[in-house]
>>> print(open('query01.cif').read())   # mmCIF, C-alpha atoms
data_protein
loop_
_atom_site.label_atom_id
_atom_site.label_comp_id
_atom_site.auth_asym_id
_atom_site.auth_seq_id
_atom_site.Cartn_x
_atom_site.Cartn_y
_atom_site.Cartn_z
CA MET R 1 120.80 75.40 -189.61
CA GLY R 2 117.02 75.73 -189.88
CA SER R 3 115.20 78.93 -190.81
CA ARG R 4 114.06 79.59 -187.25
CA ASP R 5 117.64 79.40 -185.95
CA ARG R 6 118.96 81.52 -188.80
CA ILE R 7 116.53 84.36 -188.26
CA SER R 8 115.98 84.27 -184.50
CA GLY R 9 119.47 83.61 -183.24
CA SER R 10 120.57 81.02 -180.77
CA ILE R 11 118.36 80.59 -177.72
CA PRO R 12 119.35 77.44 -175.79
CA LEU R 13 116.64 74.85 -175.35
CA ARG R 14 118.55 72.58 -172.99
CA ASN R 15 119.71 73.16 -169.44
CA ASN R 16 118.09 76.60 -169.33
CA ASN R 17 116.05 78.06 -166.47
CA ASN R 18 117.76 75.73 -163.99
CA VAL R 19 116.90 72.54 -165.87
CA PRO R 20 118.99 69.82 -164.14
CA ASP R 21 121.60 68.11 -166.32
CA GLU R 22 120.23 64.69 -165.46
CA GLN R 23 116.75 65.51 -166.75
CA THR R 24 116.97 64.00 -170.23
CA ARG R 25 115.07 61.42 -172.26
CA ASP R 26 117.04 58.54 -170.71
CA SER R 27 116.64 59.53 -167.07
CA PRO R 28 113.76 59.96 -164.60
CA ILE R 29 111.81 63.14 -165.17
CA ILE R 30 110.95 65.22 -162.15
CA PHE R 31 107.35 66.25 -162.73
CA GLY R 32 105.21 68.18 -160.28
CA LYS R 33 105.71 71.52 -158.55
CA ARG R 34 109.41 71.70 -159.39
CA LEU R 35 108.41 72.39 -162.98
CA LEU R 36 106.50 75.53 -162.00
CA GLN R 37 109.78 77.43 -162.34
CA HIS R 38 109.49 77.03 -166.11
CA PHE R 39 106.12 78.80 -166.34
CA GLU R 40 104.94 82.36 -165.77
CA PHE R 41 102.37 81.69 -163.04
CA ASN R 42 101.71 84.21 -160.33
CA SER R 43 103.01 82.65 -157.11
CA SER R 44 99.53 82.80 -155.55
CA TYR R 45 97.74 81.15 -158.49
CA ARG R 46 97.07 77.43 -158.85
CA ASN R 47 96.22 76.45 -162.44
CA LEU R 48 93.71 73.58 -162.44
CA ASN R 49 92.08 74.48 -165.77
CA HIS R 50 94.79 73.73 -168.32
CA GLY R 51 92.15 72.22 -170.59
CA GLY R 52 90.43 75.60 -170.72
CA THR R 53 93.12 78.28 -170.71
CA ALA R 54 96.42 76.60 -171.41
CA LEU R 55 99.88 78.13 -171.28
CA LEU R 56 103.43 77.84 -172.56
CA SER R 57 106.89 77.50 -171.04
CA GLN R 58 109.10 80.49 -170.33
CA GLN R 59 111.52 79.17 -172.94
CA THR R 60 108.92 79.11 -175.70
CA LEU R 61 107.61 82.49 -174.57
CA LYS R 62 111.12 83.89 -175.11
CA LYS R 63 111.12 82.44 -178.59
CA GLN R 64 107.75 84.00 -179.39
CA ARG R 65 108.86 87.41 -178.20
CA ARG R 66 111.99 87.11 -180.31
CA TYR R 67 109.85 86.43 -183.39
CA GLN R 68 107.66 89.41 -182.52
CA ASP R 69 110.73 91.63 -182.08
CA LEU R 70 111.99 90.61 -185.51
CA ALA R 71 108.60 91.44 -187.02
CA GLU R 72 108.88 94.93 -185.53
CA ALA R 73 112.53 95.41 -186.48
CA LYS R 74 112.15 94.51 -190.18
CA PRO R 75 108.44 94.02 -190.84
CA ASP R 76 108.51 93.30 -194.57
CA GLN R 77 111.65 91.19 -194.39
CA PHE R 78 110.21 89.04 -191.63
CA ILE R 79 106.59 88.75 -192.77
CA ARG R 80 107.18 88.40 -196.52
CA TYR R 81 110.43 86.45 -196.71
CA ASP R 82 111.30 84.81 -193.37
CA THR R 83 107.95 83.74 -191.94
CA PRO R 84 106.98 81.30 -194.74
CA ASP R 85 110.17 79.28 -194.20
CA VAL R 86 109.76 79.06 -190.42
CA LEU R 87 106.09 78.26 -190.93
CA ASN R 88 107.04 75.32 -193.14
CA GLU R 89 109.36 74.01 -190.43
CA SER R 90 106.53 74.25 -187.89
CA ARG R 91 104.21 72.36 -190.22
CA GLU R 92 106.81 69.66 -190.66
CA ALA R 93 107.32 69.35 -186.89
CA VAL R 94 103.62 68.96 -186.07
CA ALA R 95 103.11 66.65 -189.05
CA ASN R 96 105.83 64.36 -187.71
CA LEU R 97 104.22 64.42 -184.29
CA LEU R 98 100.85 63.42 -185.77
CA ASN R 99 102.35 60.96 -188.29
CA ALA R 100 100.90 62.84 -191.25
CA PRO R 101 102.38 64.15 -194.53
CA THR R 102 103.57 67.74 -194.18
CA GLU R 103 101.52 68.83 -197.20
CA THR R 104 98.30 67.86 -195.36
CA VAL R 105 98.64 70.23 -192.38
CA VAL R 106 98.24 73.99 -192.00
CA PHE R 107 97.68 76.30 -189.05
CA VAL R 108 94.57 78.19 -187.96
CA PRO R 109 94.04 80.27 -184.79
CA ASN R 110 92.03 77.64 -182.89
CA ALA R 111 90.02 74.45 -183.29
CA THR R 112 86.74 76.35 -183.57
CA THR R 113 88.12 78.21 -186.58
CA GLY R 114 89.15 74.88 -188.07
CA VAL R 115 85.67 73.41 -187.65
CA ASN R 116 84.11 76.54 -189.14
CA THR R 117 86.53 76.43 -192.06
CA ILE R 118 85.53 72.89 -192.97
CA LEU R 119 81.78 73.40 -192.56
CA ARG R 120 81.76 76.64 -194.56
CA ASN R 121 83.66 75.04 -197.46
CA ILE R 122 81.28 72.13 -197.96
CA THR R 123 78.85 72.54 -200.85
CA TRP R 124 75.46 71.29 -199.68
CA ASN R 125 73.12 69.55 -202.11
CA ASP R 126 70.07 71.43 -203.34
CA ASP R 127 67.67 68.57 -202.56
CA GLY R 128 67.67 69.50 -198.87
CA LYS R 129 68.60 65.98 -197.70
CA ASP R 130 72.09 66.70 -196.33
CA GLU R 131 72.43 66.39 -192.59
CA ILE R 132 75.19 67.22 -190.10
CA LEU R 133 75.47 64.68 -187.30
CA TYR R 134 76.97 65.62 -183.94
CA PHE R 135 76.94 64.38 -180.37
CA SER R 136 75.17 66.24 -177.57
CA ILE R 137 78.48 66.84 -175.79
CA ILE R 138 79.84 68.89 -178.73
CA TYR R 139 81.85 71.96 -177.74
CA GLY R 140 79.44 74.90 -177.50
CA GLY R 141 81.19 77.08 -180.08
CA CYS R 142 81.20 74.26 -182.62
CA GLY R 143 77.57 73.51 -181.86
CA LYS R 144 76.74 77.10 -182.71
CA ALA R 145 78.77 76.79 -185.91
CA VAL R 146 76.47 73.91 -186.87
CA ASP R 147 73.47 76.08 -186.01
CA TYR R 148 74.77 78.88 -188.22
CA ILE R 149 75.35 76.56 -191.18
CA VAL R 150 71.78 75.26 -190.84
CA ASP R 151 70.29 78.72 -190.27
CA SER R 152 72.06 80.19 -193.31
CA GLY R 153 71.76 77.13 -195.54
CA LEU R 154 68.45 78.10 -197.16
CA GLY R 155 66.94 74.72 -196.32
CA ARG R 156 69.69 72.69 -198.01
CA VAL R 157 71.13 71.23 -194.80
CA SER R 158 69.80 70.20 -191.41
CA SER R 159 71.41 68.79 -188.27
CA ARG R 160 70.83 65.83 -185.98
CA GLU R 161 71.99 65.63 -182.37
CA ILE R 162 73.03 62.25 -180.99
CA PRO R 163 72.25 62.28 -177.25
CA LEU R 164 74.87 60.87 -174.87
CA THR R 165 74.26 60.55 -171.14
CA TYR R 166 77.33 59.33 -169.31
CA PRO R 167 78.62 57.03 -167.94
CA LEU R 168 78.60 54.92 -171.12
CA GLU R 169 80.75 52.14 -172.45
CA ASP R 170 82.38 52.73 -175.82
CA ASP R 171 80.13 50.24 -177.56
CA GLU R 172 77.06 52.11 -176.29
CA VAL R 173 78.37 55.30 -177.89
CA VAL R 174 78.95 53.42 -181.14
CA VAL R 175 75.42 51.97 -181.04
CA ALA R 176 73.98 55.48 -180.52
CA PHE R 177 75.91 56.66 -183.57
CA LYS R 178 74.70 53.79 -185.73
CA ASP R 179 71.12 54.36 -184.57
CA ALA R 180 71.36 58.02 -185.58
CA ILE R 181 72.56 57.02 -189.05
CA GLY R 182 69.62 54.66 -189.36
CA ASN R 183 67.16 57.28 -188.16
CA CYS R 184 68.61 59.74 -190.63
CA ALA R 185 67.94 57.35 -193.51
CA GLN R 186 64.43 56.56 -192.25
CA ASP R 187 63.65 60.27 -192.24
CA GLY R 188 64.71 60.56 -195.86
CA LYS R 189 67.88 62.43 -194.99
CA ARG R 190 71.50 61.93 -196.02
CA ALA R 191 74.18 61.83 -193.30
CA ARG R 192 76.75 64.06 -195.00
CA ILE R 193 79.25 64.78 -192.24
CA CYS R 194 79.71 63.90 -188.57
CA ILE R 195 81.55 66.05 -186.03
CA PHE R 196 82.97 64.20 -183.03
CA ASP R 197 85.61 64.81 -180.37
CA THR R 198 88.73 62.95 -179.42
CA VAL R 199 88.19 64.18 -175.85
CA SER R 200 85.13 66.30 -175.17
CA SER R 201 85.19 69.47 -173.08
CA LEU R 202 82.29 69.26 -170.62
CA PRO R 203 82.16 66.55 -169.49
CA ALA R 204 85.80 65.73 -170.22
CA VAL R 205 85.40 62.28 -171.75
CA ARG R 206 87.52 60.34 -174.23
CA LEU R 207 85.28 59.17 -177.05
CA PRO R 208 85.82 56.02 -179.14
CA TYR R 209 86.73 58.32 -182.00
CA GLU R 210 88.70 55.65 -183.85
CA GLU R 211 85.63 53.41 -184.14
CA ILE R 212 83.35 56.33 -185.00
CA ASN R 213 85.74 57.33 -187.76
CA LYS R 214 85.76 53.74 -189.06
CA ILE R 215 81.97 53.71 -189.27
CA CYS R 216 82.03 57.03 -191.13
CA LYS R 217 84.23 55.41 -193.75
CA GLU R 218 81.93 52.40 -194.04
CA GLU R 219 78.84 54.60 -194.38
CA ARG R 220 80.55 57.14 -196.67
CA ILE R 221 80.00 59.95 -194.18
CA LEU R 222 82.63 62.68 -194.00
CA SER R 223 84.41 62.61 -190.63
CA LEU R 224 85.35 65.86 -188.92
CA VAL R 225 87.39 65.01 -185.81
CA ASP R 226 87.46 67.84 -183.26
CA GLY R 227 90.72 67.15 -181.45
CA ALA R 228 90.74 70.50 -179.63
CA GLN R 229 91.66 68.50 -176.53
CA GLY R 230 94.05 66.22 -178.35
CA VAL R 231 97.64 66.72 -179.45
CA GLY R 232 99.95 66.75 -176.44
CA MET R 233 97.41 64.93 -174.25
CA ILE R 234 96.66 61.68 -176.09
CA ASP R 235 98.54 59.77 -178.77
CA ILE R 236 97.19 60.65 -182.22
CA ASP R 237 98.27 58.82 -185.38
CA LEU R 238 96.61 60.39 -188.40
CA ASN R 239 98.09 57.88 -190.80
CA ALA R 240 96.33 55.08 -188.93
CA LEU R 241 93.15 57.05 -188.23
CA ASP R 242 92.86 58.55 -191.74
CA PRO R 243 89.97 60.93 -191.04
CA ASP R 244 88.49 63.20 -193.67
CA PHE R 245 89.26 66.27 -191.55
CA PHE R 246 91.01 66.78 -188.21
CA VAL R 247 91.77 69.83 -186.11
CA SER R 248 93.59 70.14 -182.79
CA ASN R 249 94.67 73.05 -180.63
CA CYS R 250 98.44 73.28 -180.25
CA HIS R 251 98.03 75.96 -177.59
CA LYS R 252 96.23 73.59 -175.23
CA TRP R 253 98.35 70.58 -174.29
CA LEU R 254 101.39 71.13 -176.52
CA TYR R 255 102.57 74.34 -174.76
CA VAL R 256 102.40 76.44 -177.93
CA PRO R 257 101.40 80.12 -177.50
CA ARG R 258 97.76 81.08 -178.00
CA GLY R 259 96.25 80.86 -180.53
CA CYS R 260 97.45 78.06 -182.72
CA ALA R 261 95.72 74.95 -184.01
CA VAL R 262 96.69 72.41 -186.64
CA LEU R 263 94.19 71.67 -189.40
CA TYR R 264 94.65 68.39 -191.28
CA VAL R 265 93.08 67.72 -194.66
CA PRO R 266 94.28 64.64 -196.59
CA LEU R 267 95.18 65.09 -200.24
CA ARG R 268 91.96 63.39 -201.36
CA ASN R 269 89.85 66.15 -199.76
CA GLN R 270 91.92 69.27 -200.32
CA ALA R 271 89.93 70.22 -203.42
CA LEU R 272 86.89 70.56 -201.12
CA ILE R 273 88.58 73.26 -199.03
CA THR R 274 88.80 76.12 -201.49
CA SER R 275 89.09 78.99 -199.01
CA SER R 276 90.65 79.85 -195.69
CA LEU R 277 88.60 81.75 -193.12
CA PRO R 278 88.62 84.60 -193.95
CA THR R 279 89.33 84.30 -197.67
CA SER R 280 92.70 85.82 -198.50
CA HIS R 281 95.44 85.92 -201.15
CA GLY R 282 95.75 82.15 -201.45
CA TYR R 283 92.24 81.70 -202.83
CA ILE R 284 92.11 80.61 -206.47
CA SER R 285 89.13 82.31 -208.07
CA LYS R 286 87.03 80.57 -210.70
CA SER R 287 86.59 83.90 -212.48
CA GLY R 288 90.28 84.36 -213.19
CA GLY R 289 93.56 85.26 -211.55
CA ARG R 290 94.05 88.18 -209.21
CA PHE R 291 97.27 89.84 -208.18
CA ASN R 292 98.97 88.19 -205.20
CA PRO R 293 101.54 90.53 -203.59
CA LEU R 294 103.23 87.81 -201.55
CA PRO R 295 106.67 86.86 -202.90
CA LYS R 296 106.88 83.38 -201.38
CA ARG R 297 104.24 80.94 -202.53
CA ASN R 298 103.77 77.30 -201.60
CA GLU R 299 103.46 74.87 -204.49
CA SER R 300 100.49 73.24 -202.76
CA PRO R 301 97.31 75.31 -203.38
CA PHE R 302 95.89 74.02 -200.09
CA VAL R 303 98.92 75.10 -198.05
CA ASP R 304 99.20 78.38 -199.95
CA ASN R 305 95.59 79.15 -199.05
CA PHE R 306 96.48 79.24 -195.35
CA GLN R 307 100.00 80.67 -195.51
CA PHE R 308 98.88 84.30 -195.21
CA VAL R 309 95.35 85.00 -193.99
CA GLY R 310 95.43 88.75 -193.56
CA THR R 311 97.74 90.70 -191.27
CA LEU R 312 97.91 88.74 -188.03
CA ASP R 313 100.43 88.00 -185.31
CA THR R 314 101.32 84.46 -186.37
CA SER R 315 104.26 84.17 -183.97
CA ALA R 316 102.43 81.35 -182.18
CA TYR R 317 102.55 79.26 -185.37
CA LEU R 318 106.29 79.81 -185.59
CA CYS R 319 106.83 78.43 -182.08
CA VAL R 320 105.50 74.92 -182.72
CA THR R 321 108.93 73.42 -183.39
CA ASP R 322 110.35 75.20 -180.35
CA ALA R 323 107.59 73.89 -178.08
CA ILE R 324 108.00 70.31 -179.30
CA ASP R 325 111.78 70.56 -178.83
CA TRP R 326 111.34 71.85 -175.27
CA ARG R 327 109.00 69.00 -174.40
CA GLU R 328 111.51 66.52 -175.80
CA HIS R 329 114.67 67.92 -174.22
CA VAL R 330 113.33 69.10 -170.88
CA LEU R 331 110.36 66.82 -170.17
CA GLY R 332 111.60 63.64 -171.82
CA GLY R 333 109.23 63.44 -174.78
CA GLU R 334 105.55 62.92 -175.52
CA ALA R 335 105.16 59.39 -174.13
CA ARG R 336 106.50 60.37 -170.70
CA ILE R 337 104.34 63.46 -170.58
CA ARG R 338 101.19 61.55 -171.53
CA GLU R 339 101.86 58.82 -168.98
CA TYR R 340 102.29 61.32 -166.15
CA ILE R 341 99.33 63.59 -166.86
CA GLN R 342 96.89 60.75 -167.61
CA THR R 343 97.91 58.87 -164.45
CA LEU R 344 97.67 62.03 -162.36
CA ALA R 345 94.20 62.81 -163.72
CA ARG R 346 92.99 59.31 -162.87
CA ASP R 347 94.54 59.10 -159.38
CA GLY R 348 94.00 62.76 -158.57
CA GLY R 349 90.35 62.63 -159.55
CA ARG R 350 89.76 59.67 -157.28
CA ARG R 351 91.48 61.43 -154.39
CA ALA R 352 89.43 64.61 -154.87
CA ALA R 353 86.23 62.55 -155.04
CA GLN R 354 87.23 60.75 -151.83
CA ILE R 355 87.59 64.10 -150.06
CA LEU R 356 84.22 65.25 -151.41
CA GLY R 357 82.55 61.94 -150.56
CA THR R 358 81.44 61.50 -154.16
CA GLU R 359 82.81 59.79 -157.28
CA VAL R 360 84.45 60.41 -160.63
CA LEU R 361 82.63 60.08 -163.93
CA ASP R 362 83.83 56.87 -165.55
CA ASN R 363 82.66 53.59 -167.04
CA LYS R 364 83.51 50.09 -165.81
CA SER R 365 86.15 49.58 -168.50
CA GLY R 366 87.85 52.90 -167.67
CA THR R 367 88.00 54.03 -171.30
CA MET R 368 86.16 57.30 -170.69
CA SER R 369 88.90 58.59 -168.40
CA LYS R 370 91.92 57.79 -170.59
CA CYS R 371 92.83 61.45 -170.89
CA ALA R 372 94.35 64.20 -168.74
CA MET R 373 91.14 65.67 -167.31
CA THR R 374 88.78 64.26 -164.73
CA ASN R 375 85.17 64.95 -163.77
CA VAL R 376 84.40 64.87 -160.05
CA ALA R 377 80.83 64.92 -158.70
CA LEU R 378 79.91 67.67 -156.24
CA PRO R 379 77.94 67.11 -153.02
CA LEU R 380 75.32 69.73 -153.92
CA ASP R 381 71.55 69.50 -153.79
CA ILE R 382 70.17 72.82 -154.94
CA LYS R 383 67.80 74.06 -157.61
CA GLU R 384 69.55 77.29 -158.56
CA THR R 385 72.58 75.57 -160.08
CA SER R 386 73.38 78.27 -162.64
CA GLU R 387 73.45 80.97 -159.98
CA ALA R 388 75.41 78.78 -157.58
CA PHE R 389 77.93 77.76 -160.26
CA ALA R 390 78.53 81.39 -161.28
CA TRP R 391 79.13 82.30 -157.62
CA MET R 392 81.39 79.31 -156.99
CA GLU R 393 83.58 79.92 -160.05
CA LYS R 394 84.00 83.62 -159.28
CA THR R 395 84.59 82.97 -155.56
CA ALA R 396 87.16 80.30 -156.41
CA MET R 397 89.01 82.93 -158.40
CA ASP R 398 88.68 85.71 -155.82
CA ASP R 399 89.17 83.79 -152.57
CA TYR R 400 91.17 80.72 -153.57
CA LYS R 401 93.11 82.01 -156.62
CA THR R 402 92.08 79.22 -158.96
CA PHE R 403 89.44 78.34 -161.54
CA ILE R 404 87.59 75.03 -161.83
CA PRO R 405 84.87 74.66 -164.49
CA LEU R 406 81.52 73.48 -163.12
CA PHE R 407 78.70 71.92 -165.12
CA MET R 408 75.58 69.76 -164.96
CA HIS R 409 75.40 66.34 -166.57
CA ASN R 410 72.74 63.68 -166.15
CA GLY R 411 71.03 65.80 -163.52
CA ARG R 412 74.13 66.03 -161.33
CA PRO R 413 76.69 68.79 -160.65
CA TRP R 414 80.30 68.13 -161.61
CA ALA R 415 83.70 69.81 -161.54
CA ARG R 416 86.37 69.32 -164.21
CA ILE R 417 90.00 69.29 -163.08
CA SER R 418 92.94 69.22 -165.49
CA ALA R 419 96.20 67.40 -164.77
CA GLN R 420 99.53 68.79 -165.95
CA THR R 421 103.24 68.20 -165.64
CA TYR R 422 103.60 71.01 -163.08
CA LEU R 423 100.89 69.56 -160.80
CA ASP R 424 100.92 66.61 -158.42
CA ILE R 425 98.51 64.69 -156.18
CA GLU R 426 98.60 67.43 -153.53
CA ASP R 427 97.04 69.84 -156.01
CA PHE R 428 94.09 67.49 -156.47
CA GLU R 429 93.74 67.11 -152.71
CA TRP R 430 93.72 70.88 -152.43
CA ALA R 431 91.11 71.05 -155.22
CA GLY R 432 88.92 68.56 -153.36
CA LYS R 433 89.14 70.55 -150.13
CA THR R 434 88.49 73.82 -151.95
CA LEU R 435 85.42 72.43 -153.72
CA LEU R 436 84.17 70.97 -150.43
CA ASP R 437 84.53 74.36 -148.78
CA LEU R 438 82.73 76.08 -151.65
CA CYS R 439 79.89 73.53 -151.52
CA GLY R 440 79.56 74.17 -147.81
CA ARG R 441 79.31 77.90 -148.40
CA VAL R 442 76.67 77.30 -151.08
CA ALA R 443 74.69 75.14 -148.63
CA LYS R 444 74.68 78.11 -146.25
CA GLY R 445 73.20 80.26 -149.02
CA GLU R 446 76.15 82.59 -149.57
CA TYR R 447 75.57 82.57 -153.33
CA LYS R 448 72.14 84.14 -152.84
CA SER R 449 73.68 87.37 -151.54
CA ILE R 450 75.04 88.38 -154.97
#
>>> encode(input="query01.cif", output="structure tokens")
Amino acid sequence: MGSRDRISGSIPLRNNNNVPDEQTRDSPIIFGKRLLQHFEFNSSYRNLNHGGTALLSQQTLKKQRRYQDLAEAKPDQFIRYDTPDVLNESREAVANLLNAPTETVVFVPNATTGVNTILRNITWNDDGKDEILYFSIIYGGCGKAVDYIVDSGLGRVSSREIPLTYPLEDDEVVVAFKDAIGNCAQDGKRARICIFDTVSSLPAVRLPYEEINKICKEERILSLVDGAQGVGMIDIDLNALDPDFFVSNCHKWLYVPRGCAVLYVPLRNQALITSSLPTSHGYISKSGGRFNPLPKRNESPFVDNFQFVGTLDTSAYLCVTDAIDWREHVLGGEARIREYIQTLARDGGRRAAQILGTEVLDNKSGTMSKCAMTNVALPLDIKETSEAFAWMEKTAMDDYKTFIPLFMHNGRPWARISAQTYLDIEDFEWAGKTLLDLCGRVAKGEYKSI
């Protein structure tokens, strides 16, 4: 019996919440609206933004609340003595999923925290030549983290943006990266670290992150892979990839409660990461030892650093094993889930674009769209896009009970739609019709009345 079962009691994972007996790994999985019964959606709400604000199953939610109840019933017993053991089981479960050694993974609240943790632990050289490379489609919060590091670096580090204007083939992205490295050297700078996505946020595009990581190795540039949109959506093998740093949200596509992300640091780089964010009891001070009141320590200094980072509700971390189990037993496992959501994103995006009379954002080889989100062009021709987008997103919520992120790329308006196991092609048709209706209302000038 594992620690989570010992302390939380038996909560069935199989055949619960009306899960049909035949729905197992070896039988056809019934995806689509039938699965809505396993989630806590309001009956009037249609969730098309899983890539933005994800969710968890009712079963995992029950587990989380059980952990929270135990923390309230016997706070010191649970936090000091029980939590570390369940946390280790969660680390082992996600490590197995990512094909990584357990001692290389810890949990942080979200991918942005993971990126900040890495950047703030790097010691920049005093000669002022260090440079952070990143692509123009970087997630906004991580882009601002780069800005902060530069702004507070006292001239020791600068940054270089690599512009990407899609659609692009993978080799064009790779060429842009190599050009940036060359330009960095010509300018007398040193490419110290590069931040790049597995799948970017806006636009939602799968990058050739494997090849970018390979080039980082060849050029001796530290690789920081932002897999915020990663685990649970695409297949990730960290043993094969072998990045210098990797972070991925578990609360996005893996159905783990918010907020929980896995941070991977291989053994060769763990000495670089001396502190969690914020610094807490696990930090080993150069000036001498300090009292650590926590009774259960991890023999790995890296893992111990992240085991207790202040008083937080870490129940989401404890649910990782439960969420992975639920996906295996109820949905048939990761491969089946990925196949369904990636196929639905591709086919659903095309259907929505057909309704709108536009197109999806993709390249000829189709590599950009090998994920579970799709970008559909909008039939809009207006100058006040920011005002119109704000009105459309709020009106979609108020009048249509949904949310669809809107953005500009390459001078054109786009909508991002997320596929999920509880959606089907009809949801994408509905999204296309809803966006068409909203565009029509914008054309009539309704957004100008706010």
>>> resolve_selection(input="query01.cif", expression="the PyMOL selection byres ((chain R and resi 362-377) around 8)", output="PyMOL selection string")
chain R and resi 51+166-170+199+203-207+233-234+338+341-346+349-350+352-353+358-361+378-379+412-420
>>> write_last_selection(input="query01.cif", atoms="C-alpha atoms", output="compact mmCIF listing (two decimals), keeping the file's coordinate frame")
# COMPACT_ATOMS: atom_id res chain seq x y z
CA GLY R 51 92.15 72.22 -170.59
CA TYR R 166 77.33 59.33 -169.31
CA PRO R 167 78.62 57.03 -167.94
CA LEU R 168 78.60 54.92 -171.12
CA GLU R 169 80.75 52.14 -172.45
CA ASP R 170 82.38 52.73 -175.82
CA VAL R 199 88.19 64.18 -175.85
CA PRO R 203 82.16 66.55 -169.49
CA ALA R 204 85.80 65.73 -170.22
CA VAL R 205 85.40 62.28 -171.75
CA ARG R 206 87.52 60.34 -174.23
CA LEU R 207 85.28 59.17 -177.05
CA MET R 233 97.41 64.93 -174.25
CA ILE R 234 96.66 61.68 -176.09
CA ARG R 338 101.19 61.55 -171.53
CA ILE R 341 99.33 63.59 -166.86
CA GLN R 342 96.89 60.75 -167.61
CA THR R 343 97.91 58.87 -164.45
CA LEU R 344 97.67 62.03 -162.36
CA ALA R 345 94.20 62.81 -163.72
CA ARG R 346 92.99 59.31 -162.87
CA GLY R 349 90.35 62.63 -159.55
CA ARG R 350 89.76 59.67 -157.28
CA ALA R 352 89.43 64.61 -154.87
CA ALA R 353 86.23 62.55 -155.04
CA THR R 358 81.44 61.50 -154.16
CA GLU R 359 82.81 59.79 -157.28
CA VAL R 360 84.45 60.41 -160.63
CA LEU R 361 82.63 60.08 -163.93
CA LEU R 378 79.91 67.67 -156.24
CA PRO R 379 77.94 67.11 -153.02
CA ARG R 412 74.13 66.03 -161.33
CA PRO R 413 76.69 68.79 -160.65
CA TRP R 414 80.30 68.13 -161.61
CA ALA R 415 83.70 69.81 -161.54
CA ARG R 416 86.37 69.32 -164.21
CA ILE R 417 90.00 69.29 -163.08
CA SER R 418 92.94 69.22 -165.49
CA ALA R 419 96.20 67.40 -164.77
CA GLN R 420 99.53 68.79 -165.95
>>> closest_residue(input="query01.cif", among="R:Glu211, R:Ile382, R:Thr321, R:Leu133", to="Asp171 (chain R)", atoms="all atoms listed in the file")
R:Glu211
>>> resolve_selection(input="query01.cif", expression="the PyMOL selection byres ((chain R and resi 243) around 10)", output="list in words")
Tyr209, Glu210, Asn213, Lys214, Cys216, Lys217, Leu222, Ser223, Leu224, Val225, Leu238, Asn239, Ala240, Leu241, Asp242, Asp244, Phe245, Phe246, Tyr264, Val265 and Pro266 of chain R
>>> resolve_selection(input="query01.cif", expression="the PyMOL selection byres ((chain R and resi 447) around 9)", output="short mmCIF file (atom, residue, chain, number, x, y, z; two decimals) with C-alpha atoms, in the frame of the given file")
data_model
loop_
_atom_site.label_atom_id
_atom_site.label_comp_id
_atom_site.auth_asym_id
_atom_site.auth_seq_id
_atom_site.Cartn_x
_atom_site.Cartn_y
_atom_site.Cartn_z
CA GLU R 387 73.45 80.97 -159.98
CA ALA R 388 75.41 78.78 -157.58
CA PHE R 389 77.93 77.76 -160.26
CA ALA R 390 78.53 81.39 -161.28
CA TRP R 391 79.13 82.30 -157.62
CA MET R 392 81.39 79.31 -156.99
CA ARG R 441 79.31 77.90 -148.40
CA VAL R 442 76.67 77.30 -151.08
CA ALA R 443 74.69 75.14 -148.63
CA LYS R 444 74.68 78.11 -146.25
CA GLY R 445 73.20 80.26 -149.02
CA GLU R 446 76.15 82.59 -149.57
CA LYS R 448 72.14 84.14 -152.84
CA SER R 449 73.68 87.37 -151.54
CA ILE R 450 75.04 88.38 -154.97
#
>>> atom_distance(input="query01.cif", atom1="CA of Val146 (chain R)", atom2="CA of Cys184 (chain R)")
16.6 Å
>>> axis_aligned_box(input="query01.cif", around="region 81-96 of chain R", padding_each_side="5 Å", output="lines of an AutoDock Vina configuration file")
center_x = 107.2
center_y = 75.4
center_z = -191.4
size_x = 18.2
size_y = 32.1
size_z = 20.6
>>> residues_near_point(input="query01.cif", point="(76.6, 71.0, -192.8)", cutoff="9 Å", atoms="all atoms listed in the file", output="ChimeraX atom specification")
/R:119-120,122-124,130-133,146,149-150,153,156-159,192-194
>>> residues_around(input="query01.cif", residues="Asn298 (chain R)", least_positions_apart="6", cutoff="9 Å", atoms="only C-alpha atoms", output="ChimeraX atom specification")
/R:84,304-305,307
>>> residues_around(input="query01.cif", residues="Phe31 (chain R)", least_positions_apart="3", cutoff="12 Å", atoms="only C-alpha atoms", output="compact mmCIF listing (two decimals) with C-alpha atoms, in the frame of the given file")
# COMPACT_ATOMS: atom_id res chain seq x y z
CA VAL R 19 116.90 72.54 -165.87
CA GLN R 23 116.75 65.51 -166.75
CA PRO R 28 113.76 59.96 -164.60
CA ARG R 34 109.41 71.70 -159.39
CA LEU R 35 108.41 72.39 -162.98
CA LEU R 36 106.50 75.53 -162.00
CA GLN R 37 109.78 77.43 -162.34
CA HIS R 38 109.49 77.03 -166.11
CA VAL R 330 113.33 69.10 -170.88
CA LEU R 331 110.36 66.82 -170.17
CA GLY R 332 111.60 63.64 -171.82
CA ARG R 336 106.50 60.37 -170.70
CA ILE R 337 104.34 63.46 -170.58
CA ARG R 338 101.19 61.55 -171.53
CA GLU R 339 101.86 58.82 -168.98
CA TYR R 340 102.29 61.32 -166.15
CA ILE R 341 99.33 63.59 -166.86
CA LEU R 344 97.67 62.03 -162.36
CA ALA R 419 96.20 67.40 -164.77
CA GLN R 420 99.53 68.79 -165.95
CA THR R 421 103.24 68.20 -165.64
CA TYR R 422 103.60 71.01 -163.08
CA LEU R 423 100.89 69.56 -160.80
CA ASP R 424 100.92 66.61 -158.42
CA ILE R 425 98.51 64.69 -156.18
